[in-house]
Amino acid sequence: MTEEVKNSPIADFDWEAYEKGEAKGGKSREELTKTYDESLNTVRDKDVIEGTIIALNKREAVVNIGYKSDGIIPMSEFRYNPDIKVGDTVEVFIENQEDKKGQLILSHRKARAARSWDRINEALEKDEVIKGYIKCRTKGGMIVDVFGIEAFLPGSQIDVKPIRDYDIFVGKTMEFKVVKINQEFKNVVVSHKALIEAELEQQKREIIAKLEKGQVLEGSVKNITSYGVFIDLGGVDGLIHITDLSWGRVSHPEEVVQLDQKLNVVILDFDDEKKRIALGLKQLLPHPWDALDPNLKVGDKVKGKVVVMADYGAFVEIAPGVEGLIHVSEMSWSQHLRSAQDFLKVGDEIEAVILTLDREDRKMSLGLKQLKNDPWEDIETKYPVGSKHSARVRNFTNFGVFVEIEEGVDGLIHISDLSWTKKVKHPSEFTQIGANIDVQVLEIDKENRRLSLGHKQLEENPWDVFETIFTVGSVHEGTIIEMVEKGAVIALPYGVEGFATPKHLVKADGSRAQLDEKLDFKVIEFNKDSKRIILSHSRIFEDEQKGERTEQPRKRETRGGERRGGNRRAAEETPVLNTPLEKTTLGDLEALASLKEKLSGK
């Protein structure tokens, strides 16, 4: 066909009718326009209708709604559905039939929002699977765009496996089920986990039906907790308790396994109803007790590490999975049972002696003190009766002081053996806990592992000297230092104390002696064994009065100075001691000894 033929006019075209505005067939342009308009969809602003996608690019989609022009919708409004394609039918919202440029303005997002609440409720009611776009993270989960509504996806509902990185889900389109709707606050909760749980439940039933105790399976570490490890067995989870991870002690499962690690496990037990499977890891390895040296026996020394401490003892691991207990009583020869923490701590590497060994029950007891000689084996040689030592005060009782000469060698100082002169009511008046005190061994009780000790025996007994000073009838100056119900305690020279009953405290004028008063007292009883001196102030003037009554008749009967002289000589021969009060210490034995010699000379 030539160029001339292609551009030639239609032979029968009615130019006259065209100029008059009449179309072919006798219809006017207005009639044709009306017919065309009637063939289009009748649309109104703010309406929601369906349209067909006729073109797509990265930025926008062209939608035909049967109107005289097509609408343009940004592709961002379809990001919840990455599978959208040309020919798909979508809902659109008529924002404007014609803008300034004559363009039809549509919105898919507003169309979804207009009908979203009804769709959301319908999806929950019918348990429908819907698609949603994960927009961003939020506290505890994710925000999902579902039908234009922001729904909440809890972190626990993303997958059946624990999620360690939430950010990898942002920007993804996933399928969900609506699990909860709050009609009052328009809140929606969705779940992706619910979609796969039903399928997994069926898989669990099939897997559990094939399980047998003792069966070895391969699994991967799904989650690690403080009490154990969850293992994914391929659709069903099992738990390895921390005690079944290793024959040795494990502080935390992370010491043994890591996340996503693949390992073989053995089935220990399972529950068909609760779908619980107990797994073991250590059971695949031989028990350490079975590999223990067969030549090991009681009395042998072993080295180990303290792994657990308790008040009653310490557990020592001598090989992985092989432990022995050192009871606190086996840590020291001392009889003072203290806490085991006073001797050892976790992590200590020590040497111990095997005390008992039971391979069948897999038990072993150890001892520390057995590494040292028992101090009581040669107690008579090391601490013979009469020997002097320094000890440390350990404890008090009402009747004495418990001391320790060395670790494991204890003794008792009876309260009566603390001082020759001082009357000790309680040991705390004499010494204190933790203080050092010099002692002398008085008696050995090897069977009960106890020594009888004395402190006063380190000094000479001053009562041997006092016996010659405080003779019955002698008079001494004393001070009342304590008033009690039955009388008074009187301080005498040389640090000695005496006692006077109330009737012996009456003075010559009939009044009674008071506290801190200094008077002369006559000794009316002296007992060296019980260290008791009984005194009387009243007896002094009572005896003087008796002496005056007996002296007058004798004077009348006496002739010459012979009798008088004889009486004088008798009086001179009877010494009356009126020693002044001196605060002499208990240790001043030299002065007492010289005084004794002087009195003996007289």
# chains A, B, ... in the order shown; residues from 1 in each chain; ligands from 1
>>> select_by_dssp(residues="region 246-426 of chain A", states="strand (DSSP E or B)", output="count of residues only")
76
>>> select_by_dssp(residues="region 49-256 of chain A", states="helix (DSSP H, G or I)", output="PyMOL selection string")
chain A and resi 75-78+108-126+155-157+166-169+193-209+242-244+253-255
>>> write_last_selection(atoms="C-alpha atoms", output="tab-separated table (two decimals), in the first residue's frame")
chain	number	residue	atom	x	y	z
A	75	MET	CA	2.92	1.18	46.10
A	76	SER	CA	3.65	1.87	49.80
A	77	GLU	CA	-0.02	1.20	50.43
A	78	PHE	CA	0.43	-2.36	49.14
A	108	HIS	CA	-6.18	1.78	49.03
A	109	ARG	CA	-5.09	2.37	52.64
A	110	LYS	CA	-8.23	4.39	53.43
A	111	ALA	CA	-10.39	1.79	51.78
A	112	ARG	CA	-8.89	-0.88	53.98
A	113	ALA	CA	-9.29	1.29	57.07
A	114	ALA	CA	-12.95	2.00	56.27
A	115	ARG	CA	-13.78	-1.69	56.33
A	116	SER	CA	-10.94	-2.95	58.54
A	117	TRP	CA	-12.79	-3.21	61.85
A	118	ASP	CA	-15.51	-5.38	60.30
A	119	ARG	CA	-12.86	-7.48	58.60
A	120	ILE	CA	-10.88	-7.86	61.84
A	121	ASN	CA	-13.92	-9.06	63.77
A	122	GLU	CA	-14.87	-11.38	60.93
A	123	ALA	CA	-11.35	-12.86	60.89
A	124	LEU	CA	-11.52	-13.57	64.64
A	125	GLU	CA	-14.97	-15.09	64.38
A	126	LYS	CA	-14.07	-17.37	61.47
A	155	GLY	CA	7.16	-11.52	71.13
A	156	SER	CA	6.01	-14.88	72.45
A	157	GLN	CA	3.57	-15.20	69.53
A	166	TYR	CA	13.38	-9.16	66.67
A	167	ASP	CA	14.76	-6.72	64.13
A	168	ILE	CA	14.99	-9.36	61.39
A	169	PHE	CA	11.17	-9.42	61.23
A	193	LYS	CA	2.72	-18.84	66.37
A	194	ALA	CA	-0.92	-19.97	66.41
A	195	LEU	CA	-0.69	-20.84	62.71
A	196	ILE	CA	2.05	-23.43	63.21
A	197	GLU	CA	1.02	-24.79	66.61
A	198	ALA	CA	-1.74	-26.94	65.20
A	199	GLU	CA	0.65	-28.46	62.68
A	200	LEU	CA	3.30	-28.96	65.36
A	201	GLU	CA	0.78	-30.59	67.66
A	202	GLN	CA	0.14	-33.25	65.09
A	203	GLN	CA	3.88	-33.70	64.56
A	204	LYS	CA	4.37	-34.06	68.33
A	205	ARG	CA	1.80	-36.84	68.51
A	206	GLU	CA	3.50	-38.70	65.70
A	207	ILE	CA	6.98	-38.26	67.22
A	208	ILE	CA	5.95	-39.15	70.78
A	209	ALA	CA	4.16	-42.26	69.53
A	242	ILE	CA	20.92	-29.56	84.82
A	243	THR	CA	21.67	-32.68	86.89
A	244	ASP	CA	21.58	-34.82	83.73
A	253	PRO	CA	24.09	-25.25	81.78
A	254	GLU	CA	26.04	-22.72	79.70
A	255	GLU	CA	29.19	-24.39	81.03
>>> closest_residue(among="A:Thr138, A:Ser251, A:Gln261, A:Thr471", to="Val170 (chain A)", atoms="only C-alpha atoms")
A:Thr138
>>> atom_distance(atom1="CA of Glu407 (chain A)", atom2="CA of Ser332 (chain A)")
7.4 Å
>>> closest_residue(among="A:Val236, A:Val298, A:Val189, A:Val265", to="Val216 (chain A)", atoms="only C-alpha atoms")
A:Val265
>>> atom_distance(atom1="CA of Val424 (chain A)", atom2="CA of Glu482 (chain A)")
14.4 Å
>>> residues_around(residues="Ile73 (chain A)", least_positions_apart="6", cutoff="9 Å", atoms="only C-alpha atoms", output="mmCIF file with N, CA and C atoms, in the first residue's frame")
data_model
loop_
_atom_site.group_PDB
_atom_site.id
_atom_site.type_symbol
_atom_site.label_atom_id
_atom_site.label_comp_id
_atom_site.auth_asym_id
_atom_site.auth_seq_id
_atom_site.Cartn_x
_atom_site.Cartn_y
_atom_site.Cartn_z
ATOM 1 N N ARG A 59 6.946 2.486 42.085
ATOM 2 C CA ARG A 59 6.428 3.592 42.870
ATOM 3 C C ARG A 59 4.920 3.617 43.005
ATOM 4 N N GLU A 60 4.201 3.129 41.971
ATOM 5 C CA GLU A 60 2.749 3.266 42.013
ATOM 6 C C GLU A 60 2.055 2.177 41.206
ATOM 7 N N ALA A 61 0.755 2.111 41.497
ATOM 8 C CA ALA A 61 -0.096 1.152 40.786
ATOM 9 C C ALA A 61 -1.219 1.922 40.104
ATOM 10 N N VAL A 62 -1.528 1.525 38.852
ATOM 11 C CA VAL A 62 -2.627 2.145 38.105
ATOM 12 C C VAL A 62 -3.853 1.245 38.258
ATOM 13 N N VAL A 63 -4.950 1.856 38.712
ATOM 14 C CA VAL A 63 -6.153 1.086 39.012
ATOM 15 C C VAL A 63 -7.307 1.596 38.148
ATOM 16 N N VAL A 92 -10.687 0.393 46.806
ATOM 17 C CA VAL A 92 -10.140 1.742 46.746
ATOM 18 C C VAL A 92 -11.133 2.722 47.347
ATOM 19 N N ILE A 105 -8.218 10.612 42.093
ATOM 20 C CA ILE A 105 -7.392 10.360 43.275
ATOM 21 C C ILE A 105 -8.011 9.224 44.090
ATOM 22 N N LEU A 106 -7.226 8.123 44.242
ATOM 23 C CA LEU A 106 -7.707 6.949 44.978
ATOM 24 C C LEU A 106 -6.768 6.638 46.164
ATOM 25 N N SER A 107 -7.300 5.878 47.128
ATOM 26 C CA SER A 107 -6.472 5.420 48.264
ATOM 27 C C SER A 107 -6.892 4.006 48.642
ATOM 28 N N HIS A 108 -5.901 3.140 48.601
ATOM 29 C CA HIS A 108 -6.185 1.777 49.028
ATOM 30 C C HIS A 108 -6.144 1.670 50.557
#
>>> atom_distance(atom1="CA of Thr52 (chain A)", atom2="CA of Lys172 (chain A)")
24.9 Å
>>> closest_residue(among="A:Leu515, A:Phe499, A:Lys507, A:Leu233", to="Ile481 (chain A)", atoms="only C-alpha atoms")
A:Leu515
>>> closest_residue(among="A:Ser191, A:Asn223, A:Ser246, A:Thr479", to="Lys518 (chain A)", atoms="only C-alpha atoms")
A:Thr479
>>> residues_around(residues="Lys456 (chain A)", least_positions_apart="3", cutoff="6 Å", atoms="only C-alpha atoms", output="list in words")
Asp417, Leu418, Ser419, Trp420 and Glu459 of chain A
>>> closest_residue(among="A:Lys446, A:Arg512, A:Lys372, A:Arg539", to="Ile524 (chain A)", atoms="only C-alpha atoms")
A:Arg539
>>> residues_around(residues="Asp342 (chain A)", least_positions_apart="5", cutoff="12 Å", atoms="only C-alpha atoms", output="list in words")
Met309, Ala310, Asp311, Tyr312, Gly313, Ala314, Val328, Met331, Ser332, His336 and Leu337 of chain A
>>> write_last_selection(atoms="all heavy atoms", output="compact mmCIF listing (two decimals), in the first residue's frame")
# COMPACT_ATOMS: atom_id res chain seq x y z
N MET A 309 30.11 -26.13 99.55
CA MET A 309 30.29 -25.94 100.99
C MET A 309 28.93 -25.97 101.68
O MET A 309 27.93 -25.48 101.16
CB MET A 309 30.96 -24.59 101.27
CG MET A 309 32.41 -24.49 100.84
SD MET A 309 33.50 -25.64 101.69
CE MET A 309 33.21 -25.18 103.39
N ALA A 310 28.92 -26.58 102.85
CA ALA A 310 27.75 -26.58 103.72
C ALA A 310 28.24 -26.40 105.15
O ALA A 310 29.43 -26.54 105.44
CB ALA A 310 26.96 -27.89 103.57
N ASP A 311 27.32 -26.06 106.08
CA ASP A 311 27.73 -25.87 107.47
C ASP A 311 28.31 -27.15 108.05
O ASP A 311 29.20 -27.11 108.90
CB ASP A 311 26.53 -25.42 108.31
CG ASP A 311 26.15 -23.98 108.00
OD1 ASP A 311 27.02 -23.26 107.49
OD2 ASP A 311 25.00 -23.59 108.26
N TYR A 312 27.79 -28.29 107.59
CA TYR A 312 28.21 -29.56 108.19
C TYR A 312 29.45 -30.16 107.51
O TYR A 312 30.01 -31.14 108.00
CB TYR A 312 27.06 -30.58 108.12
CG TYR A 312 26.55 -30.83 106.72
CD1 TYR A 312 27.17 -31.76 105.88
CD2 TYR A 312 25.46 -30.13 106.23
CE1 TYR A 312 26.72 -31.98 104.60
CE2 TYR A 312 24.99 -30.35 104.94
CZ TYR A 312 25.62 -31.28 104.14
OH TYR A 312 25.16 -31.50 102.86
N GLY A 313 29.88 -29.59 106.37
CA GLY A 313 31.05 -30.17 105.72
C GLY A 313 31.29 -29.60 104.34
O GLY A 313 30.65 -28.63 103.92
N ALA A 314 32.23 -30.22 103.63
CA ALA A 314 32.60 -29.77 102.29
C ALA A 314 32.65 -30.97 101.34
O ALA A 314 33.13 -32.04 101.72
CB ALA A 314 33.96 -29.07 102.32
N VAL A 328 32.67 -31.72 109.05
CA VAL A 328 33.37 -30.70 109.82
C VAL A 328 34.14 -31.31 110.99
O VAL A 328 35.20 -30.81 111.38
CB VAL A 328 32.38 -29.62 110.31
CG1 VAL A 328 31.40 -30.19 111.32
CG2 VAL A 328 33.12 -28.43 110.92
N MET A 331 37.73 -32.21 110.11
CA MET A 331 38.61 -31.15 109.62
C MET A 331 39.67 -30.75 110.64
O MET A 331 40.68 -30.16 110.29
CB MET A 331 37.78 -29.93 109.21
CG MET A 331 36.89 -30.17 108.01
SD MET A 331 35.97 -28.70 107.52
CE MET A 331 35.09 -29.32 106.07
N SER A 332 39.40 -31.03 111.91
CA SER A 332 40.32 -30.64 112.96
C SER A 332 40.19 -31.59 114.14
O SER A 332 39.13 -32.15 114.39
CB SER A 332 40.02 -29.20 113.42
OG SER A 332 40.73 -28.87 114.59
N HIS A 336 35.78 -28.44 119.23
CA HIS A 336 34.87 -27.32 119.03
C HIS A 336 34.32 -27.40 117.62
O HIS A 336 34.99 -27.07 116.65
CB HIS A 336 35.60 -25.99 119.23
CG HIS A 336 36.25 -25.86 120.57
ND1 HIS A 336 35.54 -25.65 121.73
CD2 HIS A 336 37.56 -25.95 120.93
CE1 HIS A 336 36.38 -25.59 122.75
NE2 HIS A 336 37.61 -25.78 122.29
N LEU A 337 33.09 -27.88 117.48
CA LEU A 337 32.49 -28.07 116.16
C LEU A 337 32.05 -26.71 115.62
O LEU A 337 31.02 -26.16 116.02
CB LEU A 337 31.30 -29.03 116.25
CG LEU A 337 31.67 -30.48 116.55
CD1 LEU A 337 30.41 -31.33 116.60
CD2 LEU A 337 32.63 -31.03 115.52
>>> closest_residue(among="A:Phe470, A:Ser69, A:Lys58, A:Lys369", to="Ile84 (chain A)", atoms="only C-alpha atoms")
A:Lys58
>>> decode(residues="region 259-280 of chain A", atoms="N, CA, C and O atoms", output="PDB file, in the first residue's frame")
ATOM      1  N   LEU A 259      23.833 -22.426  72.518  1.00  0.00           N
ATOM      2  CA  LEU A 259      22.637 -22.320  71.683  1.00  0.00           C
ATOM      3  C   LEU A 259      22.914 -22.838  70.274  1.00  0.00           C
ATOM      4  O   LEU A 259      24.008 -22.624  69.721  1.00  0.00           O
ATOM      5  N   ASP A 260      21.905 -23.549  69.734  1.00  0.00           N
ATOM      6  CA  ASP A 260      21.940 -24.105  68.369  1.00  0.00           C
ATOM      7  C   ASP A 260      22.944 -25.244  68.211  1.00  0.00           C
ATOM      8  O   ASP A 260      23.142 -25.744  67.099  1.00  0.00           O
ATOM      9  N   GLN A 261      23.574 -25.656  69.296  1.00  0.00           N
ATOM     10  CA  GLN A 261      24.522 -26.776  69.225  1.00  0.00           C
ATOM     11  C   GLN A 261      23.770 -28.080  68.983  1.00  0.00           C
ATOM     12  O   GLN A 261      22.736 -28.339  69.598  1.00  0.00           O
ATOM     13  N   LYS A 262      24.277 -28.904  68.086  1.00  0.00           N
ATOM     14  CA  LYS A 262      23.663 -30.192  67.813  1.00  0.00           C
ATOM     15  C   LYS A 262      24.367 -31.253  68.665  1.00  0.00           C
ATOM     16  O   LYS A 262      25.599 -31.279  68.749  1.00  0.00           O
ATOM     17  N   LEU A 263      23.570 -32.112  69.279  1.00  0.00           N
ATOM     18  CA  LEU A 263      24.155 -33.155  70.130  1.00  0.00           C
ATOM     19  C   LEU A 263      23.198 -34.334  70.236  1.00  0.00           C
ATOM     20  O   LEU A 263      21.998 -34.229  69.947  1.00  0.00           O
ATOM     21  N   ASN A 264      23.756 -35.472  70.627  1.00  0.00           N
ATOM     22  CA  ASN A 264      22.961 -36.675  70.838  1.00  0.00           C
ATOM     23  C   ASN A 264      22.501 -36.725  72.294  1.00  0.00           C
ATOM     24  O   ASN A 264      23.264 -36.427  73.215  1.00  0.00           O
ATOM     25  N   VAL A 265      21.244 -37.108  72.463  1.00  0.00           N
ATOM     26  CA  VAL A 265      20.666 -37.221  73.796  1.00  0.00           C
ATOM     27  C   VAL A 265      19.933 -38.558  73.904  1.00  0.00           C
ATOM     28  O   VAL A 265      19.541 -39.153  72.890  1.00  0.00           O
ATOM     29  N   VAL A 266      19.740 -38.989  75.143  1.00  0.00           N
ATOM     30  CA  VAL A 266      19.017 -40.236  75.379  1.00  0.00           C
ATOM     31  C   VAL A 266      17.705 -39.921  76.083  1.00  0.00           C
ATOM     32  O   VAL A 266      17.633 -39.021  76.925  1.00  0.00           O
ATOM     33  N   ILE A 267      16.640 -40.640  75.712  1.00  0.00           N
ATOM     34  CA  ILE A 267      15.325 -40.423  76.311  1.00  0.00           C
ATOM     35  C   ILE A 267      15.277 -41.145  77.660  1.00  0.00           C
ATOM     36  O   ILE A 267      15.451 -42.362  77.731  1.00  0.00           O
ATOM     37  N   LEU A 268      15.053 -40.370  78.719  1.00  0.00           N
ATOM     38  CA  LEU A 268      14.954 -40.947  80.058  1.00  0.00           C
ATOM     39  C   LEU A 268      13.510 -41.277  80.412  1.00  0.00           C
ATOM     40  O   LEU A 268      13.227 -42.299  81.024  1.00  0.00           O
ATOM     41  N   ASP A 269      12.592 -40.400  80.011  1.00  0.00           N
ATOM     42  CA  ASP A 269      11.176 -40.609  80.327  1.00  0.00           C
ATOM     43  C   ASP A 269      10.356 -39.656  79.461  1.00  0.00           C
ATOM     44  O   ASP A 269      10.875 -38.658  78.958  1.00  0.00           O
ATOM     45  N   PHE A 270       9.054 -39.966  79.291  1.00  0.00           N
ATOM     46  CA  PHE A 270       8.167 -39.066  78.561  1.00  0.00           C
ATOM     47  C   PHE A 270       6.735 -39.292  79.023  1.00  0.00           C
ATOM     48  O   PHE A 270       6.374 -40.345  79.542  1.00  0.00           O
ATOM     49  N   ASP A 271       5.930 -38.240  78.830  1.00  0.00           N
ATOM     50  CA  ASP A 271       4.529 -38.240  79.252  1.00  0.00           C
ATOM     51  C   ASP A 271       3.677 -37.999  78.013  1.00  0.00           C
ATOM     52  O   ASP A 271       3.727 -36.936  77.398  1.00  0.00           O
ATOM     53  N   ASP A 272       2.869 -39.005  77.639  1.00  0.00           N
ATOM     54  CA  ASP A 272       2.041 -38.880  76.434  1.00  0.00           C
ATOM     55  C   ASP A 272       1.044 -37.742  76.545  1.00  0.00           C
ATOM     56  O   ASP A 272       0.764 -37.037  75.572  1.00  0.00           O
ATOM     57  N   GLU A 273       0.457 -37.575  77.747  1.00  0.00           N
ATOM     58  CA  GLU A 273      -0.606 -36.582  77.903  1.00  0.00           C
ATOM     59  C   GLU A 273      -0.040 -35.162  77.926  1.00  0.00           C
ATOM     60  O   GLU A 273      -0.515 -34.277  77.229  1.00  0.00           O
ATOM     61  N   LYS A 274       0.982 -34.944  78.734  1.00  0.00           N
ATOM     62  CA  LYS A 274       1.524 -33.598  78.881  1.00  0.00           C
ATOM     63  C   LYS A 274       2.590 -33.275  77.837  1.00  0.00           C
ATOM     64  O   LYS A 274       3.110 -32.168  77.812  1.00  0.00           O
ATOM     65  N   LYS A 275       2.884 -34.237  77.021  1.00  0.00           N
ATOM     66  CA  LYS A 275       3.873 -34.047  75.949  1.00  0.00           C
ATOM     67  C   LYS A 275       5.238 -33.617  76.496  1.00  0.00           C
ATOM     68  O   LYS A 275       5.952 -32.843  75.881  1.00  0.00           O
ATOM     69  N   ARG A 276       5.588 -34.139  77.668  1.00  0.00           N
ATOM     70  CA  ARG A 276       6.881 -33.805  78.274  1.00  0.00           C
ATOM     71  C   ARG A 276       7.867 -34.939  78.031  1.00  0.00           C
ATOM     72  O   ARG A 276       7.522 -36.105  78.216  1.00  0.00           O
ATOM     73  N   ILE A 277       9.061 -34.551  77.642  1.00  0.00           N
ATOM     74  CA  ILE A 277      10.092 -35.550  77.366  1.00  0.00           C
ATOM     75  C   ILE A 277      11.326 -35.195  78.190  1.00  0.00           C
ATOM     76  O   ILE A 277      11.868 -34.087  78.079  1.00  0.00           O
ATOM     77  N   ALA A 278      11.750 -36.126  79.043  1.00  0.00           N
ATOM     78  CA  ALA A 278      12.955 -35.935  79.854  1.00  0.00           C
ATOM     79  C   ALA A 278      14.136 -36.565  79.133  1.00  0.00           C
ATOM     80  O   ALA A 278      14.099 -37.744  78.757  1.00  0.00           O
ATOM     81  N   LEU A 279      15.172 -35.769  78.935  1.00  0.00           N
ATOM     82  CA  LEU A 279      16.340 -36.226  78.191  1.00  0.00           C
ATOM     83  C   LEU A 279      17.581 -36.236  79.090  1.00  0.00           C
ATOM     84  O   LEU A 279      17.617 -35.588  80.133  1.00  0.00           O
ATOM     85  N   GLY A 280      18.574 -36.994  78.677  1.00  0.00           N
ATOM     86  CA  GLY A 280      19.834 -37.058  79.409  1.00  0.00           C
ATOM     87  C   GLY A 280      21.014 -36.953  78.471  1.00  0.00           C
ATOM     88  O   GLY A 280      20.971 -37.435  77.335  1.00  0.00           O
TER      89      GLY A 280
END
